[in-house]
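Enquirer: I am attaching a structure below and will ask some questions about it afterwards.
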Amino acid sequence: MRHLILGSGIAGLQAARAIRSAQPEAAITMLGREPDPLYARPMISHLLEGSVQPSQLELGLPPEVRLISQDEAVAVDAADKTVATQQGRKLAYDRLLIATGADPRGIGAQNTDLENIHFMRTKVQVRDMLEALPGSRRALVLGGGLVGFKAAYGFLRQGLEVTMLIRSEYPLSQQVDPITGGLVRAKLQENGLDVLVGRDVARFEEDGSGRVRGAELTDGTVLDCDVAVVGKGVLPVTGFLQGSGVDVDLGVLVDEEMRTSARDVFAAGDVAEHFDLARDERWVNAIWPEAADQGRIAGLNMTGVPARYPGSLSRNTIRIFDLDLTTCGLVNPPADSGYEILREEDPGRGTYRRLVFLGDRLVGAACVNRIEHAGVLRSLIGSRTPVPCPREDLLRESVHPGGLFPFSR
Amino acid sequence: MRQVVVRPERCVGCMQCMAACAAAHSQSGALAAAIREYPLPGPRVHVGSGRYGEGFPNRCRHCDPAPCMTACLPGAIYRDGNWDTVLIDPSRCINCASCAMACPFGVIRYHRDPWVSPGRAVAVKCDNCLHRRAKGLIPACAEVCKSGALTFQEPDRAMKRRTDEISRRTSGYVDQERSGEEAPGFMLLRQLKKRSGQLAESGRGPR
């Protein structure tokens, strides 16, 4: 059996591992766009911080997997069971996995092609950012999402002055409520970050040699910067699927076995659109742990070992300076829509917890500090079962995982 | 292979397992000396207190597949197949807490550990006391537990015991001696078992 995996991220890797464990003899080919060997993508922010070495990111392939790097699919012919690539290859398959991931969303500003304006998505991009550091004093971060925060944190740790531009009213507005966003913002500001809300870049300015020198904002303000990072979210890479017979919405539509609409074609990871367990609707949750799970489930099904994927949940864990934050599920539900919210803040201990309920189910949680039991909440959200204890008990920082009663310590 | 089996209904909340676990993972290996060490060794089993003050010994289940392992960014979490144990390689752990979000039981902690990483905080969890097993000792928590909440035994035997416990709870209908509701053979069989059990208890029947 010939398995072809498009993409060399964690979904592709977990699929390759699952295939290899079930079929020691199968031929596995992986097509990757990047020049680097496989690595753990979320760790590139640690690379920027300087807290890890590049080699620590590397992930090993299972035995006998053929990796074709620096090439990507341009067309899929699901009837002929072949994939055409950028470099002119034509690869035949028996089972195909689309795990091409997502690309950063561009911005509307002028002059974004100047040197030292980066996306933060790949190891190469972070390497370029690190190379720009020695001559840089001021960094500009566009976007108050997780990538923006990780970039800002990395630059601060590297000793740069950092300004963050956020279009919405508070940071991490897609992930958390204003209180949590405020705590994170305060922590970064304490450590030297400048945050400007409600503004965006209109155009970047050049220093005369092709490098970025500053940015003019939508309100006319001009800011100096030697390096800029754009973190405005990602979009699934699906362009090459036009006319292939594989149904695409925002992402590639998949069922519980990670099968697409085309026979013997599967999809997993940031490119796949499955079902969100908290939102109760189709959704692309482009996050690493879900990509890993989806890849494993897809890989098993590609070998004929039945495996089911129940659905995904947005979730994140970030540690900035001495503040820990985890979020999971639907933390910011639409107003007046039947969601109930419980909150508890202990400024003395620096903890905050916000829980979102719909009917008898927990659908979202955000925890600031004392995050050790966040997984219990995630598991409760993902199970979609009624909360088995008084809701207030979940506000305590420790949750008993068996009967869901709180720990004393 | 023998494992630590948890029976939460027997936990009295004495927390001796936590002390024994911390001591077993200290530099000195002895409780009296361990409490003066820096960094202070932490327990890898955690006794929770329930709504009525009842105890619950919360211990890593060493799941397979383990969610923490799939979620670990640097690949620091791995399974030791020989011992059926999920372990963390502290030299690879970057203390990112991704595993906190993955673990459905909340058993992973983040701190300096005298044993694995005196210099920096890392993820720390139950290692099934493999260092003690290598010396022929059983896990410290099970060794010290006096109420039978943590026992070290074959999982098959624990499952059999559990099945028997549940079966005994449903024995009530044997006493009801209803007739006409089911085939008479079943009633006869039950009465025979009941009588022979009573004889055995009184010391007059076959054991």
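Here's how to read the names in the structure tokens: chain A, B, ... by the order shown, residue numbers from 1 in each chain, ligand numbers from 1 in the order shown.
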Would you kindly return, as number ranges by chain, each protein, DNA or RNA residue with an atom no farther than 9 Å from any atom of Ala22 in chain B, considering only C-alpha atoms and excluding same-chain residues fewer than 3 positions away?

Expert: B: 17-19, 25-26, 29, 31, 34, 40-45

Enquirer: Show me which bits of chain B are within 7 Å of chain A, counting only C-alpha atoms, as a list in words.

Expert: Gly48, Ser49, Gly50, Arg51, Thr70, Ala71, Leu73, Pro74, Cys96, Ala97, Ser98, Ala100, Met101, Ala102, Cys103, Pro104, Phe105, Gly106, Ile108 and Arg109 of chain B

Enquirer: Just asking: which residues within range 231-402 of chain A are helix (DSSP H, G or I) according to DSSP, as an MDAnalysis selection string?

Expert: chainID A and resid 239:241 269:271 288:302 374:383 391:395

Enquirer: What is the distance between CA of Val254 in chain A and CA of Gly359 in chain A, in Å to one decimal?

Expert: 28.1 Å

Enquirer: Can you list, as a PDB file with all heavy atoms, in the first residue's frame, every protein, DNA or RNA residue that comes within 8 Å of Thr303 in chain A when you count only C-alpha atoms, leaving out same-chain residues fewer than 4 positions away?

Expert:
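So selection_35.pdb came out as:
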```pdb
ATOM      1  N   ILE A  19       0.574   4.973  10.748  1.00  0.00           N
ATOM      2  CA  ILE A  19       0.615   4.058   9.599  1.00  0.00           C
ATOM      3  C   ILE A  19       1.730   3.029   9.799  1.00  0.00           C
ATOM      4  O   ILE A  19       1.531   1.836   9.634  1.00  0.00           O
ATOM      5  CB  ILE A  19       0.840   4.834   8.283  1.00  0.00           C
ATOM      6  CG1 ILE A  19      -0.366   5.726   7.971  1.00  0.00           C
ATOM      7  CG2 ILE A  19       1.088   3.871   7.121  1.00  0.00           C
ATOM      8  CD1 ILE A  19      -0.113   6.742   6.863  1.00  0.00           C
ATOM      9  N   ALA A  22       0.912   0.313  12.251  1.00  0.00           N
ATOM     10  CA  ALA A  22      -0.076  -0.676  11.810  1.00  0.00           C
ATOM     11  C   ALA A  22       0.395  -1.457  10.582  1.00  0.00           C
ATOM     12  O   ALA A  22      -0.010  -2.597  10.374  1.00  0.00           O
ATOM     13  CB  ALA A  22      -1.400   0.014  11.498  1.00  0.00           C
ATOM     14  N   GLN A  23       1.222  -0.826   9.759  1.00  0.00           N
ATOM     15  CA  GLN A  23       1.682  -1.468   8.520  1.00  0.00           C
ATOM     16  C   GLN A  23       3.200  -1.312   8.374  1.00  0.00           C
ATOM     17  O   GLN A  23       3.680  -0.388   7.717  1.00  0.00           O
ATOM     18  CB  GLN A  23       0.994  -0.819   7.303  1.00  0.00           C
ATOM     19  CG  GLN A  23      -0.495  -1.090   7.213  1.00  0.00           C
ATOM     20  CD  GLN A  23      -1.107  -0.528   5.940  1.00  0.00           C
ATOM     21  OE1 GLN A  23      -0.543   0.339   5.279  1.00  0.00           O
ATOM     22  NE2 GLN A  23      -2.295  -1.015   5.597  1.00  0.00           N
ATOM     23  N   GLY A 299      -4.201   8.539  10.203  1.00  0.00           N
ATOM     24  CA  GLY A 299      -3.224   7.494   9.877  1.00  0.00           C
ATOM     25  C   GLY A 299      -3.778   6.100  10.138  1.00  0.00           C
ATOM     26  O   GLY A 299      -3.621   5.185   9.325  1.00  0.00           O
TER      27      GLY A 299
END
```

Enquirer: Could you pull out the residues in range 60-182 of chain B that DSSP calls strand (DSSP E) from the backbone, as a list of chain:residue names?

Expert: B:Ile77, B:Tyr78, B:Arg79, B:Asp80, B:Thr85, B:Val86, B:Leu87, B:Ile88, B:Arg109, B:Tyr110, B:His111, B:Arg112, B:Asp113, B:Ser117, B:Pro118, B:Gly119, B:Arg120, B:Ala121, B:Val122, B:Ala123, B:Val124, B:Leu150, B:Thr151, B:Phe152, B:Gln153

Enquirer: Which is closer to Pro8 in chain B than all the others in B:Asn128, B:Arg195, B:Leu150, B:Glu37, using only C-alpha atoms?

Expert: B:Leu150

Enquirer: What is the CA of Pro90 in chain B-CA of Pro39 in chain B distance in Å, reported with one decimal?

Expert: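 Computing it gives 15.5 Å between the two atoms.
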
Enquirer: Considering only C-alpha atoms, state which residue in the set A:Leu97, A:Ala139, A:Ala152, A:Val197 is at the smallest distance from Leu165 in chain A.

Expert: A:Val197

Enquirer: From the options B:Asp64, B:Thr170, B:Phe186, B:Val107, which residue's atoms come nearest to Asp84 in chain B, counting only C-alpha atoms?

Expert: B:Asp64

Enquirer: Considering only C-alpha atoms, return as a PyMOL selection string whatever protein or nucleic-acid residues lie within 8 Å of Asp219 in chain A, sequence-local ones (same chain, fewer than 2 positions apart) excluded.

Expert: chain A and resi 199+217+221

Enquirer: Kindly give the distance, in Å, that separates CA of Ala142 in chain B and CA of Val86 in chain B, rounded to a single decimal.

Expert: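 Between CA of Ala142 in chain B and CA of Val86 in chain B the gap works out to 18.1 Å.
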